[in-house]
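Visitor: One file: entry.pdb (PDB, C-alpha atoms, pLDDT in the B column).
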```pdb
ATOM      1  CA  MET A   1      25.138   7.927  -4.714  1.00 57.00           C
ATOM      2  CA  GLU A   2      25.962  11.241  -3.064  1.00 73.00           C
ATOM      3  CA  THR A   3      22.391  11.615  -1.819  1.00 75.00           C
ATOM      4  CA  ILE A   4      22.291   8.299   0.071  1.00 73.00           C
ATOM      5  CA  PRO A   5      23.981   9.648   3.246  1.00 78.00           C
ATOM      6  CA  TYR A   6      21.213  12.247   3.493  1.00 81.00           C
ATOM      7  CA  LEU A   7      18.340   9.943   2.592  1.00 82.00           C
ATOM      8  CA  LYS A   8      19.200   7.316   5.181  1.00 80.00           C
ATOM      9  CA  HIS A   9      18.318   9.810   7.923  1.00 85.00           C
ATOM     10  CA  ALA A  10      14.877  10.622   6.487  1.00 89.00           C
ATOM     11  CA  GLY A  11      11.698   9.318   8.060  1.00 91.00           C
ATOM     12  CA  VAL A  12       9.646   8.960   4.868  1.00 93.00           C
ATOM     13  CA  GLY A  13      10.403   9.194   1.151  1.00 91.00           C
ATOM     14  CA  LEU A  14       8.064  11.264  -0.993  1.00 89.00           C
ATOM     15  CA  SER A  15       7.427  11.039  -4.718  1.00 86.00           C
ATOM     16  CA  THR A  16       5.005  13.635  -6.036  1.00 80.00           C
ATOM     17  CA  LEU A  17       5.670  12.892  -9.680  1.00 75.00           C
ATOM     18  CA  GLN A  18       2.815  13.782 -12.002  1.00 70.00           C
ATOM     19  CA  THR A  19       2.283  10.845 -14.317  1.00 63.00           C
ATOM     20  CA  SER A  20       0.856  10.155 -17.712  1.00 63.00           C
ATOM     21  CA  PRO A  21      -0.404   6.694 -18.671  1.00 60.00           C
ATOM     22  CA  GLN A  22       2.672   6.217 -20.887  1.00 57.00           C
ATOM     23  CA  ALA A  23       5.100   7.061 -18.069  1.00 58.00           C
ATOM     24  CA  ILE A  24       3.634   4.994 -15.242  1.00 56.00           C
ATOM     25  CA  ALA A  25       5.674   1.848 -15.952  1.00 53.00           C
ATOM     26  CA  LEU A  26       8.864   3.899 -16.122  1.00 55.00           C
ATOM     27  CA  PHE A  27       8.466   5.522 -12.727  1.00 60.00           C
ATOM     28  CA  THR A  28       7.198   2.765 -10.436  1.00 66.00           C
ATOM     29  CA  ASP A  29      10.864   1.856  -9.911  1.00 75.00           C
ATOM     30  CA  SER A  30      12.507   5.179 -10.669  1.00 82.00           C
ATOM     31  CA  LEU A  31      15.963   5.967  -9.308  1.00 82.00           C
ATOM     32  CA  LYS A  32      14.288   7.919  -6.491  1.00 87.00           C
ATOM     33  CA  ILE A  33      12.139   4.916  -5.507  1.00 88.00           C
ATOM     34  CA  ILE A  34      15.153   2.609  -5.650  1.00 88.00           C
ATOM     35  CA  GLN A  35      17.258   4.992  -3.528  1.00 88.00           C
ATOM     36  CA  TYR A  36      14.490   5.396  -0.938  1.00 91.00           C
ATOM     37  CA  THR A  37      14.001   1.624  -0.805  1.00 92.00           C
ATOM     38  CA  TYR A  38      17.768   1.010  -0.533  1.00 89.00           C
ATOM     39  CA  CYS A  39      17.741   3.321   2.507  1.00 89.00           C
ATOM     40  CA  GLY A  40      14.855   1.396   4.055  1.00 92.00           C
ATOM     41  CA  LEU A  41      12.344   4.211   3.773  1.00 94.00           C
ATOM     42  CA  PRO A  42       8.593   3.948   3.522  1.00 96.00           C
ATOM     43  CA  ILE A  43       7.562   5.875   0.410  1.00 96.00           C
ATOM     44  CA  VAL A  44       4.465   7.956  -0.284  1.00 96.00           C
ATOM     45  CA  VAL A  45       3.539   8.034  -3.979  1.00 94.00           C
ATOM     46  CA  PRO A  46       0.566   9.087  -6.120  1.00 92.00           C
ATOM     47  CA  GLU A  47      -1.907   6.255  -6.802  1.00 89.00           C
ATOM     48  CA  PRO A  48      -0.837   5.722 -10.447  1.00 86.00           C
ATOM     49  CA  LEU A  49       2.623   4.682  -9.181  1.00 86.00           C
ATOM     50  CA  ARG A  50       1.259   1.874  -7.004  1.00 87.00           C
ATOM     51  CA  SER A  51       3.841  -0.867  -6.618  1.00 87.00           C
ATOM     52  CA  PRO A  52       3.958  -4.309  -5.013  1.00 89.00           C
ATOM     53  CA  ARG A  53       6.811  -3.113  -2.787  1.00 91.00           C
ATOM     54  CA  PRO A  54       5.657  -3.325   0.856  1.00 94.00           C
ATOM     55  CA  ASN A  55       7.128   0.105   1.638  1.00 95.00           C
ATOM     56  CA  ILE A  56       4.928   1.975  -0.881  1.00 95.00           C
ATOM     57  CA  PHE A  57       1.930   3.979   0.366  1.00 96.00           C
ATOM     58  CA  CYS A  58      -0.384   5.574  -2.191  1.00 95.00           C
ATOM     59  CA  TYR A  59      -2.460   8.715  -2.177  1.00 94.00           C
ATOM     60  CA  VAL A  60      -4.947  10.175  -4.612  1.00 93.00           C
ATOM     61  CA  PRO A  61      -3.610  13.511  -5.887  1.00 89.00           C
ATOM     62  CA  ASN A  62      -5.545  16.498  -4.498  1.00 91.00           C
ATOM     63  CA  ASP A  63      -7.387  14.287  -1.974  1.00 95.00           C
ATOM     64  CA  VAL A  64      -6.380  15.589   1.454  1.00 96.00           C
ATOM     65  CA  VAL A  65      -7.775  12.584   3.318  1.00 98.00           C
ATOM     66  CA  SER A  66      -5.881  10.031   1.196  1.00 97.00           C
ATOM     67  CA  ILE A  67      -2.679  12.074   1.506  1.00 96.00           C
ATOM     68  CA  GLN A  68      -3.028  12.134   5.296  1.00 97.00           C
ATOM     69  CA  GLU A  69      -3.751   8.386   5.407  1.00 98.00           C
ATOM     70  CA  ALA A  70      -0.735   7.568   3.230  1.00 97.00           C
ATOM     71  CA  LEU A  71       1.552   9.730   5.365  1.00 97.00           C
ATOM     72  CA  ARG A  72       0.263   8.193   8.608  1.00 97.00           C
ATOM     73  CA  ALA A  73       0.656   4.653   7.261  1.00 97.00           C
ATOM     74  CA  ALA A  74       4.173   5.391   5.996  1.00 97.00           C
ATOM     75  CA  LYS A  75       5.197   6.906   9.313  1.00 96.00           C
ATOM     76  CA  ALA A  76       3.898   3.834  11.198  1.00 97.00           C
ATOM     77  CA  PHE A  77       5.531   1.346   8.791  1.00 96.00           C
ATOM     78  CA  ASP A  78       8.083  -1.076  10.245  1.00 95.00           C
ATOM     79  CA  ARG A  79      11.200  -0.257   8.213  1.00 92.00           C
ATOM     80  CA  ARG A  80      12.569  -3.753   8.871  1.00 91.00           C
ATOM     81  CA  LYS A  81      10.005  -4.999   6.324  1.00 92.00           C
ATOM     82  CA  VAL A  82      11.603  -3.113   3.420  1.00 91.00           C
ATOM     83  CA  VAL A  83      12.863  -5.572   0.805  1.00 88.00           C
ATOM     84  CA  THR A  84      16.171  -4.605  -0.831  1.00 88.00           C
ATOM     85  CA  ASP A  85      17.204  -7.961  -2.312  1.00 86.00           C
ATOM     86  CA  ASP A  86      16.411  -6.758  -5.840  1.00 84.00           C
ATOM     87  CA  ILE A  87      18.493  -3.575  -5.565  1.00 85.00           C
ATOM     88  CA  SER A  88      22.077  -3.768  -6.786  1.00 81.00           C
ATOM     89  CA  SER A  89      24.908  -1.757  -5.274  1.00 78.00           C
ATOM     90  CA  TRP A  90      26.876   0.628  -7.501  1.00 76.00           C
ATOM     91  CA  ASP A  91      29.742  -1.876  -7.455  1.00 83.00           C
ATOM     92  CA  GLU A  92      27.426  -4.654  -8.649  1.00 82.00           C
ATOM     93  CA  ILE A  93      26.038  -2.451 -11.413  1.00 80.00           C
ATOM     94  CA  ALA A  94      29.553  -1.490 -12.542  1.00 83.00           C
ATOM     95  CA  GLN A  95      30.587  -5.153 -12.625  1.00 84.00           C
ATOM     96  CA  GLU A  96      27.496  -6.056 -14.648  1.00 82.00           C
ATOM     97  CA  LEU A  97      28.158  -3.227 -17.118  1.00 86.00           C
ATOM     98  CA  ALA A  98      31.754  -4.352 -17.449  1.00 86.00           C
ATOM     99  CA  GLY A  99      30.556  -7.903 -18.141  1.00 80.00           C
ATOM    100  CA  GLN A 100      32.212  -9.375 -15.093  1.00 68.00           C
ATOM    101  CA  GLU A 101      30.738 -12.021 -12.847  1.00 61.00           C
ATOM    102  CA  LEU A 102      29.576 -10.851  -9.445  1.00 55.00           C
ATOM    103  CA  SER A 103      31.732 -12.069  -6.596  1.00 54.00           C
TER     104      SER A 103
END
```
Could you show the structure in this file as structure tokens?
Guide:
Amino acid sequence: METIPYLKHAGVGLSTLQTSPQAIALFTDSLKIIQYTYCGLPIVVPEPLRSPRPNIFCYVPNDVVSIQEALRAAKAFDRRKVVTDDISSWDEIAQELAGQELS
């Protein structure tokens, strides 16, 4: 939560996480990805973390051309197309954990 004020001023989010086949499902919507998306950022991620989110741009690790293409595409992305409907606020999460109905 404390990082959000800094992230919202970024131009592009970057996830360079090295993945194993077992970890891929865990990190396609990691806290970092959720925070970047909440802030409306396009996100550059390694190919194994491909996601259906429209703000995700993939690169092949160690492939300079694919890294450049992903960065260019992310920079040109229209941030108004970022979908945040599936991201809960901290207040909503706290209410869910407490078993209260959302208002």
Visitor: Excluding same-chain residues fewer than 3 positions from Cys58 of chain A, what lies within 8 Å of it counting all atoms listed in the file, as a ChimeraX atom specification?
Guide: /A:44-47,49-50,66-67,70
Visitor: For Pro42 of chain A, which residue among A:Asp78, A:His9, A:Asp63, A:Ser30 is the nearest when counting all atoms listed in the file?
Guide: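 Looking at the shortest contact to Pro42 of chain A, the residue is A:Asp78.
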Visitor: Quick one: pull the distance between atom CA of Ile93 of chain A and atom CA of Thr37 of chain A, Å, one decimal.
Guide: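 These two atoms are separated by 16.6 Å.
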Visitor: Grab the atom CA of Val83 of chain A to atom CA of Pro52 of chain A distance for me, in Å with one decimal place.
Guide: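 These two atoms are separated by 10.7 Å.
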Visitor: Of the candidates A:Lys32, A:Arg72, A:Arg53, A:Arg80, which shows the shortest atom-to-atom distance to Leu17 of chain A, using only C-alpha atoms?
Guide: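 Nearest to Leu17 of chain A: A:Lys32.
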Visitor: How would you write, as a PDB file with C-alpha atoms, in the coordinates of the input, the residues chosen by the PyMOL selection byres ((chain A and resi 14) around 6) on this structure?
Guide:
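Saved file part_24.pdb follows:
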```
ATOM      1  CA  GLY A  13      10.403   9.194   1.151  1.00 91.00           C
ATOM      2  CA  SER A  15       7.427  11.039  -4.718  1.00 86.00           C
ATOM      3  CA  ILE A  43       7.562   5.875   0.410  1.00 96.00           C
ATOM      4  CA  VAL A  44       4.465   7.956  -0.284  1.00 96.00           C
TER       5      VAL A  44
END
```
Visitor: Which polymer residues have any atom within 7 Å of an atom of Val82 of chain A, counting all atoms listed in the file, with same-chain residues fewer than 5 positions away left out, as a ChimeraX atom specification?
Guide: /A:37,40,54-55
Visitor: Would you save the residues of that selection, restricted to C-alpha atoms, as a compact mmCIF listing (two decimals), in the frame of the given file?
Guide:
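Okay, out-v5.txt is ready:
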```
# COMPACT_ATOMS: atom_id res chain seq x y z
CA THR A 37 14.00 1.62 -0.80
CA GLY A 40 14.86 1.40 4.06
CA PRO A 54 5.66 -3.32 0.86
CA ASN A 55 7.13 0.10 1.64
```
Visitor: Calculate how many Å separate atom CA of Tyr38 of chain A from atom CA of Asn62 of chain A, rounding to one decimal.
Guide: 28.3 Å
Visitor: Tell me which protein, DNA and RNA residues are within 9 Å of Asp29 of chain A, counting all atoms listed in the file, leaving out same-chain ones fewer than 4 positions away, and put them as a tab-separated table (two decimals) with C-alpha atoms, in the frame of the given file.
Guide:
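File produced: selection.tsv:
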```tsv
chain	number	residue	atom	x	y	z
A	25	ALA	CA	5.67	1.85	-15.95
A	33	ILE	CA	12.14	4.92	-5.51
A	34	ILE	CA	15.15	2.61	-5.65
A	49	LEU	CA	2.62	4.68	-9.18
A	51	SER	CA	3.84	-0.87	-6.62
```
Visitor: Calculated over all atoms listed in the file, which of the candidates A:Val12, A:Gln95, A:Ala74, A:Gln18 has the smallest distance to Pro61 of chain A?
Guide: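 Nearest to Pro61 of chain A: A:Gln18.
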Visitor: Anything within 10 Å of (21.5, 6.6, 5.0): list those residues as a list in words, counting only C-alpha atoms and sticking to the file's coordinates.
Guide: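 Residues satisfying the cut-off, written out: Thr3, Ile4, Pro5, Tyr6, Leu7, Lys8, His9, Ala10, Gln35, Tyr36, Tyr38, Cys39, Gly40 and Leu41 of chain A.
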